[in-house]
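Chemist: What follows is target19.cif; its format and atoms are mmCIF, C-alpha atoms; chains and numbers go by the auth columns.
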```
data_query
#
loop_
_atom_site.group_PDB
_atom_site.id
_atom_site.type_symbol
_atom_site.label_atom_id
_atom_site.label_comp_id
_atom_site.label_asym_id
_atom_site.label_seq_id
_atom_site.Cartn_x
_atom_site.Cartn_y
_atom_site.Cartn_z
_atom_site.B_iso_or_equiv
_atom_site.auth_seq_id
_atom_site.auth_asym_id
ATOM 1 C CA ARG A 1 0.000 0.000 0.000 0.00 1 A
ATOM 2 C CA ILE A 2 1.067 3.601 -0.505 0.00 2 A
ATOM 3 C CA PRO A 3 2.766 4.826 2.697 0.00 3 A
ATOM 4 C CA ASP A 4 1.093 7.803 4.378 0.00 4 A
ATOM 5 C CA ALA A 5 4.179 9.946 3.656 0.00 5 A
ATOM 6 C CA LEU A 6 3.587 9.515 -0.107 0.00 6 A
ATOM 7 C CA ARG A 7 -0.198 9.946 -0.218 0.00 7 A
ATOM 8 C CA GLU A 8 0.082 13.583 -1.288 0.00 8 A
ATOM 9 C CA THR A 9 2.548 12.729 -4.071 0.00 9 A
ATOM 10 C CA LEU A 10 0.536 9.691 -5.284 0.00 10 A
ATOM 11 C CA PRO A 11 -3.070 10.674 -4.488 0.00 11 A
ATOM 12 C CA ASP A 12 -4.758 8.442 -7.080 0.00 12 A
ATOM 13 C CA PHE A 13 -2.896 5.227 -6.316 0.00 13 A
ATOM 14 C CA GLU A 14 -3.540 2.593 -3.683 0.00 14 A
ATOM 15 C CA PHE A 15 -0.443 0.426 -4.207 0.00 15 A
ATOM 16 C CA MET A 16 3.169 0.994 -5.146 0.00 16 A
ATOM 17 C CA SER A 17 5.696 -1.388 -6.537 0.00 17 A
ATOM 18 C CA GLY A 18 9.179 -1.442 -7.982 0.00 18 A
ATOM 19 C CA VAL A 19 11.076 -1.934 -11.224 0.00 19 A
ATOM 20 C CA LEU A 20 14.717 -2.512 -12.139 0.00 20 A
ATOM 21 C CA THR A 21 15.849 -1.787 -15.697 0.00 21 A
ATOM 22 C CA SER A 22 19.101 -1.935 -17.612 0.00 22 A
ATOM 23 C CA ARG A 23 18.110 0.844 -20.058 0.00 23 A
ATOM 24 C CA ALA A 24 20.787 3.182 -18.693 0.00 24 A
ATOM 25 C CA SER A 25 23.409 0.478 -18.246 0.00 25 A
ATOM 26 C CA LEU A 26 23.071 -2.358 -20.793 0.00 26 A
ATOM 27 C CA VAL A 27 21.286 -2.497 -24.144 0.00 27 A
ATOM 28 C CA GLN A 28 21.810 -5.402 -26.516 0.00 28 A
ATOM 29 C CA ARG A 29 20.545 -6.967 -29.746 0.00 29 A
ATOM 30 C CA TYR A 30 20.220 -10.749 -29.472 0.00 30 A
ATOM 31 C CA GLY A 31 21.749 -12.849 -26.715 0.00 31 A
ATOM 32 C CA TYR A 32 20.858 -14.953 -23.723 0.00 32 A
ATOM 33 C CA PHE A 33 19.092 -13.206 -20.831 0.00 33 A
ATOM 34 C CA GLU A 34 18.599 -14.874 -17.463 0.00 34 A
ATOM 35 C CA MET A 35 17.623 -14.243 -13.871 0.00 35 A
ATOM 36 C CA ARG A 36 17.361 -16.397 -10.773 0.00 36 A
ATOM 37 C CA ALA A 37 14.422 -15.581 -8.534 0.00 37 A
ATOM 38 C CA ARG A 38 11.805 -16.805 -6.079 0.00 38 A
ATOM 39 C CA MET A 39 8.339 -15.644 -7.073 0.00 39 A
ATOM 40 C CA PRO A 40 5.531 -14.370 -4.851 0.00 40 A
ATOM 41 C CA ALA A 41 2.069 -15.911 -4.781 0.00 41 A
ATOM 42 C CA GLY A 42 -1.240 -14.210 -4.158 0.00 42 A
ATOM 43 C CA LYS A 43 -4.153 -12.489 -5.801 0.00 43 A
ATOM 44 C CA ALA A 44 -3.213 -9.623 -8.164 0.00 44 A
ATOM 45 C CA LEU A 45 0.568 -10.054 -7.797 0.00 45 A
ATOM 46 C CA TRP A 46 2.351 -9.853 -11.168 0.00 46 A
ATOM 47 C CA PRO A 47 6.133 -10.407 -11.143 0.00 47 A
ATOM 48 C CA ALA A 48 7.824 -10.234 -14.542 0.00 48 A
ATOM 49 C CA PHE A 49 11.179 -10.331 -16.356 0.00 49 A
ATOM 50 C CA TRP A 50 11.050 -8.905 -19.884 0.00 50 A
ATOM 51 C CA LEU A 51 12.791 -7.059 -22.716 0.00 51 A
ATOM 52 C CA LEU A 52 11.786 -3.820 -24.454 0.00 52 A
ATOM 53 C CA PRO A 53 13.418 -1.824 -27.277 0.00 53 A
ATOM 54 C CA ALA A 54 15.772 0.930 -26.139 0.00 54 A
ATOM 55 C CA ASP A 55 14.232 3.317 -28.690 0.00 55 A
ATOM 56 C CA LYS A 56 10.931 3.192 -26.727 0.00 56 A
ATOM 57 C CA SER A 57 9.002 1.655 -29.614 0.00 57 A
ATOM 58 C CA TRP A 58 6.379 -1.038 -28.951 0.00 58 A
ATOM 59 C CA PRO A 59 6.023 -3.772 -29.939 0.00 59 A
ATOM 60 C CA PRO A 60 8.319 -5.775 -29.965 0.00 60 A
ATOM 61 C CA GLU A 61 8.486 -7.186 -26.457 0.00 61 A
ATOM 62 C CA ILE A 62 9.901 -10.442 -25.110 0.00 62 A
ATOM 63 C CA ASP A 63 8.295 -11.590 -21.862 0.00 63 A
ATOM 64 C CA ILE A 64 10.828 -14.057 -20.471 0.00 64 A
ATOM 65 C CA VAL A 65 8.521 -14.813 -17.562 0.00 65 A
ATOM 66 C CA GLU A 66 5.325 -13.399 -16.099 0.00 66 A
ATOM 67 C CA LEU A 67 3.485 -14.995 -13.214 0.00 67 A
ATOM 68 C CA VAL A 68 -0.156 -14.540 -12.315 0.00 68 A
ATOM 69 C CA GLY A 69 -0.059 -14.451 -8.518 0.00 69 A
ATOM 70 C CA GLN A 70 -3.204 -16.527 -8.083 0.00 70 A
ATOM 71 C CA GLN A 71 -1.802 -19.196 -10.462 0.00 71 A
ATOM 72 C CA PRO A 72 1.933 -19.164 -9.610 0.00 72 A
ATOM 73 C CA GLU A 73 2.428 -22.673 -10.950 0.00 73 A
ATOM 74 C CA LEU A 74 2.077 -21.344 -14.525 0.00 74 A
ATOM 75 C CA VAL A 75 5.226 -19.845 -16.078 0.00 75 A
ATOM 76 C CA VAL A 76 3.934 -17.479 -18.784 0.00 76 A
ATOM 77 C CA THR A 77 6.211 -16.655 -21.730 0.00 77 A
ATOM 78 C CA THR A 78 5.089 -14.319 -24.524 0.00 78 A
ATOM 79 C CA THR A 79 6.501 -12.692 -27.646 0.00 79 A
ATOM 80 C CA HIS A 80 4.868 -9.500 -29.015 0.00 80 A
ATOM 81 C CA TRP A 81 5.521 -8.053 -32.474 0.00 81 A
ATOM 82 C CA VAL A 82 3.973 -6.102 -35.354 0.00 82 A
ATOM 83 C CA GLY A 83 2.430 -8.435 -37.910 0.00 83 A
ATOM 84 C CA PRO A 84 2.507 -7.998 -41.702 0.00 84 A
ATOM 85 C CA ASP A 85 -0.835 -6.180 -41.479 0.00 85 A
ATOM 86 C CA GLY A 86 0.717 -3.572 -39.139 0.00 86 A
ATOM 87 C CA LYS A 87 -1.258 -4.828 -36.146 0.00 87 A
ATOM 88 C CA HIS A 88 -0.019 -6.142 -32.811 0.00 88 A
ATOM 89 C CA SER A 89 0.528 -9.896 -32.792 0.00 89 A
ATOM 90 C CA SER A 90 1.600 -12.153 -29.952 0.00 90 A
ATOM 91 C CA SER A 91 2.325 -15.775 -29.200 0.00 91 A
ATOM 92 C CA GLY A 92 2.710 -17.252 -25.757 0.00 92 A
ATOM 93 C CA CYS A 93 2.953 -20.391 -23.712 0.00 93 A
ATOM 94 C CA ARG A 94 1.950 -21.369 -20.166 0.00 94 A
ATOM 95 C CA THR A 95 4.144 -24.076 -18.676 0.00 95 A
ATOM 96 C CA ARG A 96 3.211 -25.757 -15.394 0.00 96 A
ATOM 97 C CA LYS A 97 6.052 -25.480 -12.837 0.00 97 A
ATOM 98 C CA PRO A 98 4.536 -25.782 -9.339 0.00 98 A
ATOM 99 C CA GLU A 99 7.742 -24.909 -7.484 0.00 99 A
ATOM 100 C CA THR A 100 8.111 -21.236 -8.565 0.00 100 A
ATOM 101 C CA THR A 101 7.264 -19.824 -5.124 0.00 101 A
ATOM 102 C CA THR A 102 8.987 -22.391 -2.904 0.00 102 A
ATOM 103 C CA GLY A 103 12.565 -21.857 -4.027 0.00 103 A
ATOM 104 C CA PHE A 104 14.866 -20.016 -6.406 0.00 104 A
ATOM 105 C CA HIS A 105 14.772 -20.926 -10.108 0.00 105 A
ATOM 106 C CA THR A 106 16.329 -19.548 -13.271 0.00 106 A
ATOM 107 C CA TYR A 107 14.243 -18.020 -16.054 0.00 107 A
ATOM 108 C CA GLY A 108 15.907 -17.300 -19.380 0.00 108 A
ATOM 109 C CA ALA A 109 15.461 -16.535 -23.066 0.00 109 A
ATOM 110 C CA LEU A 110 17.804 -17.071 -25.982 0.00 110 A
ATOM 111 C CA TRP A 111 16.993 -14.468 -28.655 0.00 111 A
ATOM 112 C CA THR A 112 18.646 -14.829 -32.061 0.00 112 A
ATOM 113 C CA ALA A 113 17.812 -13.591 -35.554 0.00 113 A
ATOM 114 C CA GLU A 114 16.321 -17.021 -36.239 0.00 114 A
ATOM 115 C CA HIS A 115 14.491 -18.057 -33.058 0.00 115 A
ATOM 116 C CA ILE A 116 13.504 -17.288 -29.470 0.00 116 A
ATOM 117 C CA THR A 117 13.735 -20.085 -26.913 0.00 117 A
ATOM 118 C CA TYR A 118 12.466 -19.720 -23.347 0.00 118 A
ATOM 119 C CA TYR A 119 14.038 -21.610 -20.440 0.00 119 A
ATOM 120 C CA PHE A 120 13.164 -22.697 -16.905 0.00 120 A
ATOM 121 C CA ASP A 121 16.165 -23.889 -14.874 0.00 121 A
ATOM 122 C CA ARG A 122 18.100 -23.892 -18.168 0.00 122 A
ATOM 123 C CA GLU A 123 15.753 -26.416 -19.759 0.00 123 A
ATOM 124 C CA PRO A 124 13.784 -25.218 -22.824 0.00 124 A
ATOM 125 C CA ILE A 125 10.049 -24.794 -22.242 0.00 125 A
ATOM 126 C CA ALA A 126 8.947 -22.837 -25.349 0.00 126 A
ATOM 127 C CA HIS A 127 10.383 -22.092 -28.772 0.00 127 A
ATOM 128 C CA MET A 128 9.344 -19.998 -31.763 0.00 128 A
ATOM 129 C CA LYS A 129 10.727 -18.457 -34.923 0.00 129 A
ATOM 130 C CA THR A 130 11.830 -14.848 -34.387 0.00 130 A
ATOM 131 C CA PRO A 131 9.168 -12.616 -35.963 0.00 131 A
ATOM 132 C CA PRO A 132 10.208 -10.124 -38.649 0.00 132 A
ATOM 133 C CA GLY A 133 11.241 -6.736 -37.266 0.00 133 A
ATOM 134 C CA MET A 134 12.353 -8.090 -33.898 0.00 134 A
ATOM 135 C CA ASP A 135 15.930 -6.917 -34.346 0.00 135 A
ATOM 136 C CA ARG A 136 16.226 -3.672 -32.391 0.00 136 A
ATOM 137 C CA PRO A 137 18.480 -3.543 -29.307 0.00 137 A
ATOM 138 C CA MET A 138 16.556 -4.154 -26.094 0.00 138 A
ATOM 139 C CA TYR A 139 17.029 -3.678 -22.388 0.00 139 A
ATOM 140 C CA MET A 140 15.924 -5.790 -19.434 0.00 140 A
ATOM 141 C CA LEU A 141 13.139 -5.003 -16.966 0.00 141 A
ATOM 142 C CA LEU A 142 12.328 -6.808 -13.724 0.00 142 A
ATOM 143 C CA ASN A 143 9.210 -5.581 -12.017 0.00 143 A
ATOM 144 C CA MET A 144 6.516 -6.516 -9.552 0.00 144 A
ATOM 145 C CA GLY A 145 3.104 -5.288 -10.557 0.00 145 A
ATOM 146 C CA VAL A 146 0.159 -5.141 -8.167 0.00 146 A
ATOM 147 C CA GLY A 147 -3.068 -5.412 -10.134 0.00 147 A
ATOM 148 C CA GLY A 148 -3.532 -5.160 -13.880 0.00 148 A
ATOM 149 C CA ASN A 149 -5.303 -6.650 -16.869 0.00 149 A
ATOM 150 C CA MET A 150 -3.561 -10.014 -16.528 0.00 150 A
ATOM 151 C CA VAL A 151 -4.020 -10.498 -12.767 0.00 151 A
ATOM 152 C CA GLY A 152 -7.114 -8.500 -11.819 0.00 152 A
ATOM 153 C CA ARG A 153 -7.551 -5.896 -9.102 0.00 153 A
ATOM 154 C CA ALA A 154 -5.848 -6.098 -5.738 0.00 154 A
ATOM 155 C CA ASP A 155 -8.149 -6.270 -2.726 0.00 155 A
ATOM 156 C CA ALA A 156 -8.221 -7.432 0.900 0.00 156 A
ATOM 157 C CA ASP A 157 -7.188 -10.941 -0.233 0.00 157 A
ATOM 158 C CA THR A 158 -3.952 -9.689 -1.838 0.00 158 A
ATOM 159 C CA PRO A 159 -1.067 -10.627 0.481 0.00 159 A
ATOM 160 C CA LEU A 160 0.831 -7.433 1.255 0.00 160 A
ATOM 161 C CA PRO A 161 3.604 -6.726 1.604 0.00 161 A
ATOM 162 C CA ALA A 162 4.784 -9.140 -1.081 0.00 162 A
ATOM 163 C CA SER A 163 8.327 -9.994 -2.098 0.00 163 A
ATOM 164 C CA TYR A 164 9.832 -10.816 -5.513 0.00 164 A
ATOM 165 C CA ASP A 165 13.274 -12.107 -4.487 0.00 165 A
ATOM 166 C CA ILE A 166 15.920 -11.765 -7.226 0.00 166 A
ATOM 167 C CA ASP A 167 19.264 -13.491 -6.744 0.00 167 A
ATOM 168 C CA PHE A 168 20.946 -12.422 -9.998 0.00 168 A
ATOM 169 C CA VAL A 169 20.356 -11.062 -13.501 0.00 169 A
ATOM 170 C CA ALA A 170 22.695 -11.715 -16.436 0.00 170 A
ATOM 171 C CA ALA A 171 22.932 -10.970 -20.157 0.00 171 A
ATOM 172 C CA TYR A 172 25.264 -12.741 -22.545 0.00 172 A
ATOM 173 C CA ALA A 173 26.215 -11.609 -26.052 0.00 173 A
ATOM 174 C CA LEU A 174 26.267 -14.123 -28.882 0.00 174 A
ATOM 175 C CA PRO A 175 29.437 -14.909 -30.853 0.00 175 A
ATOM 176 C CA GLY A 176 29.701 -12.777 -33.978 0.00 176 A
ATOM 177 C CA GLN A 177 27.308 -10.113 -32.667 0.00 177 A
ATOM 178 C CA PRO A 178 28.243 -6.591 -31.613 0.00 178 A
ATOM 179 C CA PRO A 179 29.057 -6.303 -27.905 0.00 179 A
ATOM 180 C CA PRO A 180 26.359 -4.947 -25.577 0.00 180 A
ATOM 181 C CA CYS A 181 25.996 -1.190 -25.507 0.00 181 A
ATOM 182 C CA GLN A 182 26.496 0.442 -22.121 0.00 182 A
ATOM 183 C CA PRO A 183 24.705 3.786 -22.219 0.00 183 A
ATOM 184 C CA ARG A 184 24.857 6.339 -19.467 0.00 184 A
ATOM 185 C CA ARG A 185 21.814 8.252 -18.245 0.00 185 A
ATOM 186 C CA ALA A 186 21.485 10.757 -21.098 0.00 186 A
ATOM 187 C CA ALA A 187 18.911 10.038 -23.827 0.00 187 A
ATOM 188 C CA GLN A 188 21.506 10.539 -26.556 0.00 188 A
ATOM 189 C CA ASP A 189 23.653 7.791 -24.998 0.00 189 A
ATOM 190 C CA VAL A 190 20.739 5.341 -25.118 0.00 190 A
ATOM 191 C CA ASN A 191 19.894 6.415 -28.673 0.00 191 A
ATOM 192 C CA ALA A 192 23.481 5.687 -29.718 0.00 192 A
ATOM 193 C CA CYS A 193 22.804 2.024 -28.926 0.00 193 A
ATOM 194 C CA ASN A 194 20.212 1.809 -31.711 0.00 194 A
ATOM 195 C CA PRO A 195 21.301 0.952 -35.255 0.00 195 A
ATOM 196 C CA ARG A 196 21.083 3.758 -37.792 0.00 196 A
#
```
Could you spell out this file's structure in structure tokens?

Modeler:
Amino acid sequence: RIPDALRETLPDFEFMSGVLTSRASLVQRYGYFEMRARMPAGKALWPAFWLLPADKSWPPEIDIVELVGQQPELVVTTTHWVGPDGKHSSSGCRTRKPETTTGFHTYGALWTAEHITYYFDREPIAHMKTPPGMDRPMYMLLNMGVGGNMVGRADADTPLPASYDIDFVAAYALPGQPPPCQPRRAAQDVNACNPR
């Protein structure tokens, strides 16, 4: 819940959460992206690990893992892109892994020009051909949402406070690809990571 000290600053919000991003520190086209985490369970909790383009366009988006707090045994992986008709397209998979909240596990995605493969504890769980246009450098996001279209509204049954425990996050470049870009905080530094 929003602490009393922040009610004036955030008058229209009931809950607050957090996000970590690599947009100002690491941007990369293709590679293997991984984190090790223990997920929370409970109504309206929405932990995620995903990739977005550094140029702020959308789609594409690679959702390495999203969990619906009331169904934490389902590891949700999704790829979003612009289809040939110019409209948003997506393809996803829900893989049953009942141990996501009881211990730490690794969640990863291998993104190449040819395919995207999603991993749980370094074992593949989903695979698809890389859609056209999914070739812009991206950055990592790790966030814990409270409420939203995928998980519903938080209420008295939502266990708060909740904890999304992250042990590590890593990104690996692929052989033959440009090294990751390491922008600083200025917008022009991030923009320099995008191909011309």

Chemist: For a quick check of understanding, using all atoms listed in the file, which of A:Pro178, A:Gly69, A:Gly42, A:Gly86 has the smallest distance to A:Gly133?

Modeler: A:Gly86

Chemist: Counting all atoms listed in the file, what is within 7 Å of stretch 119-125 of chain A, bar same-chain residues fewer than 5 positions away, as a CSV table (one decimal) with C-alpha atoms, keeping the file's coordinate frame?

Modeler:
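Generated output (selection_15.csv):
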```csv
chain,number,residue,atom,x,y,z
A,95,THR,CA,4.1,-24.1,-18.7
A,105,HIS,CA,14.8,-20.9,-10.1
A,106,THR,CA,16.3,-19.5,-13.3
A,107,TYR,CA,14.2,-18.0,-16.1
A,108,GLY,CA,15.9,-17.3,-19.4
A,109,ALA,CA,15.5,-16.5,-23.1
```

Chemist: Given the file shown, determine the residues that the PyMOL selection byres ((chain A and resi 55) around 10) selects; report them as a VMD selection string.

Modeler: chain A and resid 23 52 to 54 56 to 58 136 to 139 187 190 to 195

Chemist: Keeping only C-alpha atoms, take the residues you just selected and write them out as a compact mmCIF listing (two decimals), in the coordinates of the input.

Modeler:
```txt
# COMPACT_ATOMS: atom_id res chain seq x y z
CA ARG A 23 18.11 0.84 -20.06
CA LEU A 52 11.79 -3.82 -24.45
CA PRO A 53 13.42 -1.82 -27.28
CA ALA A 54 15.77 0.93 -26.14
CA LYS A 56 10.93 3.19 -26.73
CA SER A 57 9.00 1.66 -29.61
CA TRP A 58 6.38 -1.04 -28.95
CA ARG A 136 16.23 -3.67 -32.39
CA PRO A 137 18.48 -3.54 -29.31
CA MET A 138 16.56 -4.15 -26.09
CA TYR A 139 17.03 -3.68 -22.39
CA ALA A 187 18.91 10.04 -23.83
CA VAL A 190 20.74 5.34 -25.12
CA ASN A 191 19.89 6.42 -28.67
CA ALA A 192 23.48 5.69 -29.72
CA CYS A 193 22.80 2.02 -28.93
CA ASN A 194 20.21 1.81 -31.71
CA PRO A 195 21.30 0.95 -35.26
```

Chemist: Determine the nearest neighbour of A:Ala156 from the options A:Leu67, A:Cys181, A:Ile2, A:Ala44, counting all atoms listed in the file.

Modeler: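 Nearest candidate to A:Ala156 out of A:Leu67, A:Cys181, A:Ile2, A:Ala44: A:Ala44.
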
Chemist: Enumerate, as a ChimeraX atom specification, the protein, DNA and RNA residues whose atoms approach (1.2, -0.4, -7.3) to within 10 Å, taking into account only C-alpha atoms and the coordinate frame of the file.

Modeler: /A:1-2,13-18,45,144-148,154

Chemist: For a cut-off of 9 Å around (1.8, -14.0, -33.9), file coordinates, pick out all residues using only C-alpha atoms and list them as a list in words.

Modeler: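 With a cut-off of 9 Å, the residues come to Thr79, His80, Trp81, Val82, Gly83, His88, Ser89, Ser90, Ser91, Gly92 and Pro131 of chain A.
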
Chemist: Please, what distance in Å, to one decimal, runs between atom CA of A:Gln177 and atom CA of A:Thr117?

Modeler: 17.8 Å

Chemist: Go through A:Gln70, A:Met39, A:Gly31, A:Asp189 and flag the residue nearest A:Thr102, using all atoms listed in the file for the distances.

Modeler: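 Going through A:Gln70, A:Met39, A:Gly31, A:Asp189 one by one, the smallest distance to A:Thr102 is for A:Met39.
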
Chemist: Which one is closest to A:Ala41: A:Leu174, A:Leu74, A:Ala24, A:Ala5? Count only C-alpha atoms.

Modeler: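 Between A:Leu174, A:Leu74, A:Ala24, A:Ala5, the residue approaching A:Ala41 most closely is A:Leu74.
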
Chemist: Have a look at atom CA of A:Val65 and atom CA of A:Arg29 and let me know their distance in Å, one decimal.

Modeler: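 For atom CA of A:Val65 relative to atom CA of A:Arg29, the distance reads 18.8 Å.
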
Chemist: Quick check on the file I pasted: which residues fall under the PyMOL selection byres ((chain A and resi 127) around 7)? Write them as number ranges by chain.

Modeler: A: 116-118, 126, 128

Chemist: Would you mind exporting the chosen residues as a JSON list (two decimals), in the frame of the given file, restricted to C-alpha atoms?

Modeler:
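As a result, selection_7.json now contains:
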```json
[["chain", "number", "residue", "atom", "x", "y", "z"],
["A", 116, "ILE", "CA", 13.50, -17.29, -29.47],
["A", 117, "THR", "CA", 13.74, -20.08, -26.91],
["A", 118, "TYR", "CA", 12.47, -19.72, -23.35],
["A", 126, "ALA", "CA", 8.95, -22.84, -25.35],
["A", 128, "MET", "CA", 9.34, -20.00, -31.76]]
```

Chemist: Any idea what the distance is between atom CA of A:Gln28 and atom CA of A:Asp85?

Modeler: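 Atom CA of A:Gln28 sits 27.2 Å away from atom CA of A:Asp85.
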
Chemist: Got a sec: who's within 9 Å of A:Arg38, counting all atoms listed in the file, leaving out chain neighbours fewer than 5 positions off, as a list in words?

Modeler: Thr100, Thr101, Thr102, Gly103, Phe104, His105, Thr106, Ser163, Tyr164, Asp165, Ile166 and Asp167 of chain A

Chemist: Quick one: which residues end up in the PyMOL selection byres ((chain A and resi 62) around 6) for this structure, as a ChimeraX atom specification?

Modeler: /A:50-51,61,63-64,79

Chemist: Assuming the input is short of atoms at stretch 7-15 of chain A, produce all heavy atoms for that part as a compact mmCIF listing (two decimals), in the frame of the given file.

Modeler:
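Output file rebuild-v1.txt is given in full below:
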```txt
# COMPACT_ATOMS: atom_id res chain seq x y z
N ARG A 7 1.19 9.78 0.24
CA ARG A 7 -0.20 9.95 -0.22
C ARG A 7 -0.40 11.25 -1.00
O ARG A 7 -1.14 11.28 -1.98
CB ARG A 7 -1.16 9.91 0.97
CG ARG A 7 -1.27 8.53 1.56
CD ARG A 7 -2.62 7.93 1.26
NE ARG A 7 -2.62 6.55 1.73
CZ ARG A 7 -2.86 5.53 0.93
NH1 ARG A 7 -3.09 5.72 -0.33
NH2 ARG A 7 -2.85 4.31 1.40
N GLU A 8 0.25 12.31 -0.59
CA GLU A 8 0.08 13.58 -1.29
C GLU A 8 0.73 13.53 -2.68
O GLU A 8 0.20 14.09 -3.64
CB GLU A 8 0.71 14.72 -0.47
CG GLU A 8 0.37 16.10 -1.01
CD GLU A 8 0.87 17.18 -0.08
OE1 GLU A 8 0.60 17.10 1.14
OE2 GLU A 8 1.51 18.11 -0.58
N THR A 9 1.85 12.85 -2.79
CA THR A 9 2.55 12.73 -4.07
C THR A 9 1.83 11.78 -5.02
O THR A 9 1.84 11.97 -6.24
CB THR A 9 3.98 12.22 -3.84
OG1 THR A 9 4.62 13.07 -2.89
CG2 THR A 9 4.79 12.20 -5.11
N LEU A 10 1.22 10.72 -4.48
CA LEU A 10 0.54 9.69 -5.28
C LEU A 10 -0.93 9.59 -4.86
O LEU A 10 -1.38 8.54 -4.38
CB LEU A 10 1.24 8.35 -5.10
CG LEU A 10 2.72 8.31 -5.48
CD1 LEU A 10 3.39 7.05 -4.95
CD2 LEU A 10 2.88 8.40 -6.98
N PRO A 11 -1.71 10.65 -5.04
CA PRO A 11 -3.07 10.67 -4.49
C PRO A 11 -4.04 9.69 -5.14
O PRO A 11 -5.02 9.29 -4.52
CB PRO A 11 -3.53 12.11 -4.73
CG PRO A 11 -2.74 12.55 -5.92
CD PRO A 11 -1.41 11.87 -5.80
N ASP A 12 -3.80 9.29 -6.38
CA ASP A 12 -4.76 8.44 -7.08
C ASP A 12 -4.38 6.96 -7.09
O ASP A 12 -4.98 6.17 -7.80
CB ASP A 12 -4.92 8.93 -8.52
CG ASP A 12 -5.46 10.35 -8.59
OD1 ASP A 12 -6.28 10.71 -7.72
OD2 ASP A 12 -5.05 11.09 -9.49
N PHE A 13 -3.37 6.61 -6.30
CA PHE A 13 -2.90 5.23 -6.32
C PHE A 13 -3.05 4.59 -4.94
O PHE A 13 -2.89 5.25 -3.92
CB PHE A 13 -1.43 5.17 -6.73
CG PHE A 13 -1.21 5.62 -8.15
CD1 PHE A 13 -0.89 6.93 -8.43
CD2 PHE A 13 -1.34 4.73 -9.21
CE1 PHE A 13 -0.69 7.37 -9.73
CE2 PHE A 13 -1.14 5.15 -10.51
CZ PHE A 13 -0.82 6.47 -10.77
N GLU A 14 -3.38 3.32 -4.94
CA GLU A 14 -3.54 2.59 -3.68
C GLU A 14 -2.30 1.76 -3.35
O GLU A 14 -1.99 1.55 -2.19
CB GLU A 14 -4.77 1.69 -3.77
CG GLU A 14 -5.14 1.06 -2.46
CD GLU A 14 -6.45 0.29 -2.54
OE1 GLU A 14 -7.14 0.36 -3.57
OE2 GLU A 14 -6.77 -0.38 -1.55
N PHE A 15 -1.60 1.29 -4.40
CA PHE A 15 -0.44 0.43 -4.21
C PHE A 15 0.77 0.99 -4.93
O PHE A 15 0.64 1.70 -5.91
CB PHE A 15 -0.72 -0.99 -4.75
CG PHE A 15 -1.93 -1.62 -4.14
CD1 PHE A 15 -3.14 -1.60 -4.80
CD2 PHE A 15 -1.86 -2.22 -2.90
CE1 PHE A 15 -4.27 -2.17 -4.24
CE2 PHE A 15 -2.97 -2.80 -2.32
CZ PHE A 15 -4.19 -2.77 -2.99
```
